[in-house]
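Here is the structure we will look at.
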Amino acid sequence: MEWSNLTKALGELDEQKVDDLLNEFLAANPTEEEAKIAVAACQAGMGTVGDLFEKGEYFVGDLIFAGELLTATMDRLKTVLDSGSSEKTGKIVLGTVFGDLHDIGKNIFRSMAEAAGFEVYDLGIDQPVSAFVEKVREVKPDIVGMSGVLTPALTSMKDTVDGLKAAGLRDQVKIIIGGNPVSESSCKMIGADAFTDNAAVGVNICKGWVK
Amino acid sequence: MNSAELFRERVKIGKETIRKEKRPSRVLVFGTMVSWFIFDQGYKLSEAYSDDFSVLEKISDQAQARYNFDGYTFPVIPNSQPLQKTLGVNNYIINDKSESYNRIDVDYMDFEDYDVLIEDPAKFFWSKYAKRKFPILESQDGQQIFMKSLHDFQNFFQYNQNVERNLIEKHGVPMNSSPAAMGLGGYWPLHEVLMHGLRGIKGVSTDMRKDPVKVKAACDRYQEVILEPMLQQYKATASKGTDENCYFDIKTGMLSYSVLNPKQFEMVYWPSFKRLIDVAVEMDKLVYIFSEAGTKRLWDFFREIPKGRIALYCEMDDIFEMKKALPNVTLMGGMPLELLGNGTPEQCVDYAKKLVDELGYDGGYIFGTNKQGQFRKDAKRENLEAVIKFVQEYK
């Protein structure tokens, strides 16, 4: 298997090509080590997707499709991989905050973060402060990611940061906020460490934190 | 000035602003707040979005009396809750605790249904879409429910008329678009319908990658069978020239393009949208376009439109950059909600002055917020009052 072909096919979002290459790979009865190399090739492909999005060549629809394609690909590779055997870059607790039911941006971020090697604990949408606090206490992540599209999400994000402070957990994590309404000033008001409206940029920030 | 005189003056300024042929005497201020008015007037979302339309009528009247807007992006706060409740549909979730209003992504169409849609769009809507969206109509009480939904729709229509009449007659506020273009209210490129009513954002995004040719075929067919007859009907019934009793003739929006790259946009979206603009230009009409996502990548398309025909309200663009890039277009918006919600009246007025000075010097600018105000913290009352007073008095 020429791994660069898998990277290229995923980067170009060529579903058929990715499918053909995976069929070929899985038919050869690969070892777990080889499957890890395949995962790395897919991660590199998602890196290409992120780069093309940042350059303005890919758009939101492309990222949504990339997330779907990567999830399907990883599901197939998991049949060869031992659960949890691959080394993780870091842990992220992620969720859309209370009062907000939007999850497209969060899901794109999750796919790209997983492709970058993070172990992501996705709480889902409309998550109260207590859900973030409990999960952070349980899994001790490096990073907390909060997502929201509506303006009231900013208040919920602040409440969540305050909740983490009250629980004595704030200083143990980096916090990134994402979505349409976030900005430098709202980031300060909320008490987060970083903000972004671009999933690819957000993942790069997270990678910088766990170097 | 009485309300009739105010009405005429506002229309005159509006036409001069949009046509860009003559510098108007001042910059118009549009009410770009929507559900924010509900909080501002002391109501909960659930009280306003109820069966009792008189609450929203009161909110509209009180808001206009306080703020004296020249016009509105949404003169009537949309409330489809009663109709949705009757039909057993719940695409909008209201939460009084978080004071939020969320729309749920919908998926009433499978990928395989494209073939039926291409073959016969009307058949698709009756045989697939309606059955999936309104299964309640096939129940034993289906007929009664259908009759009740007609009654709800009539109430909704009446509410619209009451609000509009009050704004025009009592407050001298012209409407955004002409009643003559009511038949074009359903003129949405199929891509919008796919994203908001049929496939959802995830479905339509994956479809464009899996089989763009099929999506294009569906869009072309929908244009031919559904949208083109709407345009022909409009051309046959509306007289040429702009309606002198409202700001614009046609009101439309661009929403779903946010997931498309330029090549995809050109393939499945722009042909339908351009067709509407072409008909408007041919009939000497003025068009208001609401846009929810950044439009920079589409500016080359907008440059094709003749000067003085369209106004763009863009929520996610740098309006100063747009002014330089699109001299043919009237721009609306620009006042940051973040400043209105967190700043002082002095800071807000300073920013409003910058907007009027840099965007309104040659007409072609309508003052409003940079995004539609939906939530309590989107603006402080004193800040909004200060900027409106300033812009309306600033020459």
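Here, A, B, ... name the chains of the structure tokens in the order displayed, residue numbers run from 1 inside each chain, and ligands are numbered from 1 in the same displayed order.
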
Run DSSP on the backbone and tell me which residues of stretch 21-133 of chain A come out as helix (DSSP H, G or I); list them as a PyMOL selection string.
chain A and resi 21-27+32-54+60-77+104-115+129-133

I want to know what sits within 12 Å of B:Asp243, based on only C-alpha atoms, with residues of the same chain fewer than 2 positions away left out; could you give that as a list in words?
Val11, Lys12, Gly14, Lys15, Pro174, Met175, Asn176, Ser177, Ser178, Pro179, Ala180, Ala181, Ala238, Ser239, Lys240, Gly241, Asn245, Cys246, Tyr247, Phe248, Asp249, Ile250, Met283, Asp284, Lys285, Leu286 and Val287 of chain B

Residues of chain A within 6 Å of chain B, using only C-alpha atoms, as a PyMOL selection string?
chain A and resi 59-61+65+99

Residue selection dump (all heavy atoms) as a CSV table (one decimal), in the first residue's frame:
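Okay, this is what ended up in again.csv:
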chain,number,residue,atom,x,y,z
A,59,PHE,N,-14.9,24.7,1.8
A,59,PHE,CA,-15.9,25.5,2.6
A,59,PHE,C,-16.6,24.6,3.6
A,59,PHE,O,-16.2,23.4,3.7
A,59,PHE,CB,-16.8,26.1,1.6
A,59,PHE,CG,-16.2,27.3,0.9
A,59,PHE,CD1,-15.4,27.1,-0.2
A,59,PHE,CD2,-16.4,28.6,1.4
A,59,PHE,CE1,-14.8,28.2,-0.8
A,59,PHE,CE2,-15.7,29.6,0.8
A,59,PHE,CZ,-14.9,29.4,-0.3
A,60,VAL,N,-17.5,25.1,4.3
A,60,VAL,CA,-18.1,24.4,5.4
A,60,VAL,C,-18.7,23.0,5.0
A,60,VAL,O,-18.5,22.0,5.6
A,60,VAL,CB,-19.2,25.2,6.1
A,60,VAL,CG1,-19.9,24.4,7.1
A,60,VAL,CG2,-18.6,26.5,6.7
A,61,GLY,N,-19.3,23.0,3.8
A,61,GLY,CA,-19.9,21.8,3.3
A,61,GLY,C,-18.8,20.7,3.1
A,61,GLY,O,-19.0,19.5,3.4
A,65,PHE,N,-18.5,17.0,5.0
A,65,PHE,CA,-18.3,15.8,4.3
A,65,PHE,C,-17.1,15.1,4.8
A,65,PHE,O,-17.0,13.9,4.9
A,65,PHE,CB,-18.3,16.1,2.8
A,65,PHE,CG,-18.1,14.8,2.0
A,65,PHE,CD1,-19.2,13.9,1.8
A,65,PHE,CD2,-16.9,14.5,1.4
A,65,PHE,CE1,-19.0,12.8,1.1
A,65,PHE,CE2,-16.7,13.4,0.6
A,65,PHE,CZ,-17.8,12.5,0.5
A,99,GLY,N,-28.5,25.9,26.4
A,99,GLY,CA,-29.4,26.8,25.6
A,99,GLY,C,-29.1,26.8,24.1
A,99,GLY,O,-29.9,27.5,23.4

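Counting only C-alpha atoms, the residue from B:Lys251, B:Arg8, B:Lys354, B:Arg26 that sits nearest to B:Tyr72 is B:Lys251.
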
Considering only C-alpha atoms, return as a list of chain:residue names whatever protein or nucleic-acid residues lie within 9 Å of A:Asp103, sequence-local ones (same chain, fewer than 6 positions apart) excluded.
A:Gly95, A:Thr96, A:Gly124, A:Ile125, A:Ser147, A:Gly148, A:Val149

Output file for the selection above: N, CA, C and O atoms, as a compact mmCIF listing (two decimals), in the first residue's frame:
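This is the output file again30.txt:
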# COMPACT_ATOMS: atom_id res chain seq x y z
N GLY A 95 -18.26 20.27 24.09
CA GLY A 95 -19.72 20.29 24.09
C GLY A 95 -20.28 21.63 23.63
O GLY A 95 -19.59 22.65 23.67
N THR A 96 -21.53 21.59 23.15
CA THR A 96 -22.26 22.83 22.89
C THR A 96 -22.91 23.23 24.21
O THR A 96 -23.53 22.40 24.88
N GLY A 124 -22.10 16.51 23.70
CA GLY A 124 -23.33 16.74 22.93
C GLY A 124 -23.76 18.20 22.99
O GLY A 124 -22.95 19.09 23.28
N ILE A 125 -25.05 18.44 22.76
CA ILE A 125 -25.57 19.82 22.69
C ILE A 125 -26.29 20.20 23.99
O ILE A 125 -26.61 19.33 24.79
N SER A 147 -18.70 25.17 22.50
CA SER A 147 -19.18 25.64 21.22
C SER A 147 -20.56 26.28 21.37
O SER A 147 -21.32 25.93 22.28
N GLY A 148 -20.88 27.24 20.49
CA GLY A 148 -22.20 27.86 20.51
C GLY A 148 -22.38 28.79 19.33
O GLY A 148 -21.39 29.34 18.82
N VAL A 149 -23.59 28.93 18.87
CA VAL A 149 -23.88 29.79 17.73
C VAL A 149 -24.68 31.02 18.17
O VAL A 149 -24.53 32.10 17.61

Would you compute the distance between atom CA of B:Leu227 and atom CA of B:Val34? Give it in Å to one decimal.
28.6 Å

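Of all the residues in stretch 121-357 of chain B, the ones DSSP labels as strand (DSSP E) from the backbone are B:Ile250, B:Lys251, B:Thr252, B:Gly253, B:Met254, B:Val287, B:Tyr288, B:Ile289, B:Phe290, B:Ser291, B:Ile310, B:Ala311, B:Leu312, B:Tyr313, B:Cys314, B:Thr330, B:Leu331, B:Met332, B:Gly333, B:Gly334, B:Met335.
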
Near A:Glu54, within 10 Å and counting only C-alpha atoms, which residues show up once chain neighbours fewer than 5 positions away are dropped, as a list in words?
Thr48, Val49, Phe59, Asn198, Ala199, Ala200 and Val201 of chain A

Non-local contacts of B:Trp299 (10 Å; only C-alpha atoms; under 5 positions in same chain excluded) as an NGL selection string:
:B and (304 or 322 or 325-326)

Suppose we keep N, CA, C and O atoms; can you now write the selection as a CSV table (one decimal), in the first residue's frame?
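Result file selection-v9.csv:
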chain,number,residue,atom,x,y,z
B,304,GLU,N,-21.9,41.7,-11.2
B,304,GLU,CA,-22.6,41.6,-12.5
B,304,GLU,C,-24.0,42.4,-12.5
B,304,GLU,O,-24.6,42.6,-13.5
B,322,MET,N,-16.7,46.0,1.8
B,322,MET,CA,-17.8,45.8,0.8
B,322,MET,C,-18.1,47.1,0.0
B,322,MET,O,-18.4,47.1,-1.1
B,325,ALA,N,-15.7,47.5,-2.6
B,325,ALA,CA,-15.7,46.4,-3.6
B,325,ALA,C,-17.0,46.3,-4.4
B,325,ALA,O,-17.0,45.9,-5.6
B,326,LEU,N,-18.1,46.8,-3.9
B,326,LEU,CA,-19.4,46.7,-4.6
B,326,LEU,C,-20.0,48.1,-4.7
B,326,LEU,O,-21.1,48.4,-4.0
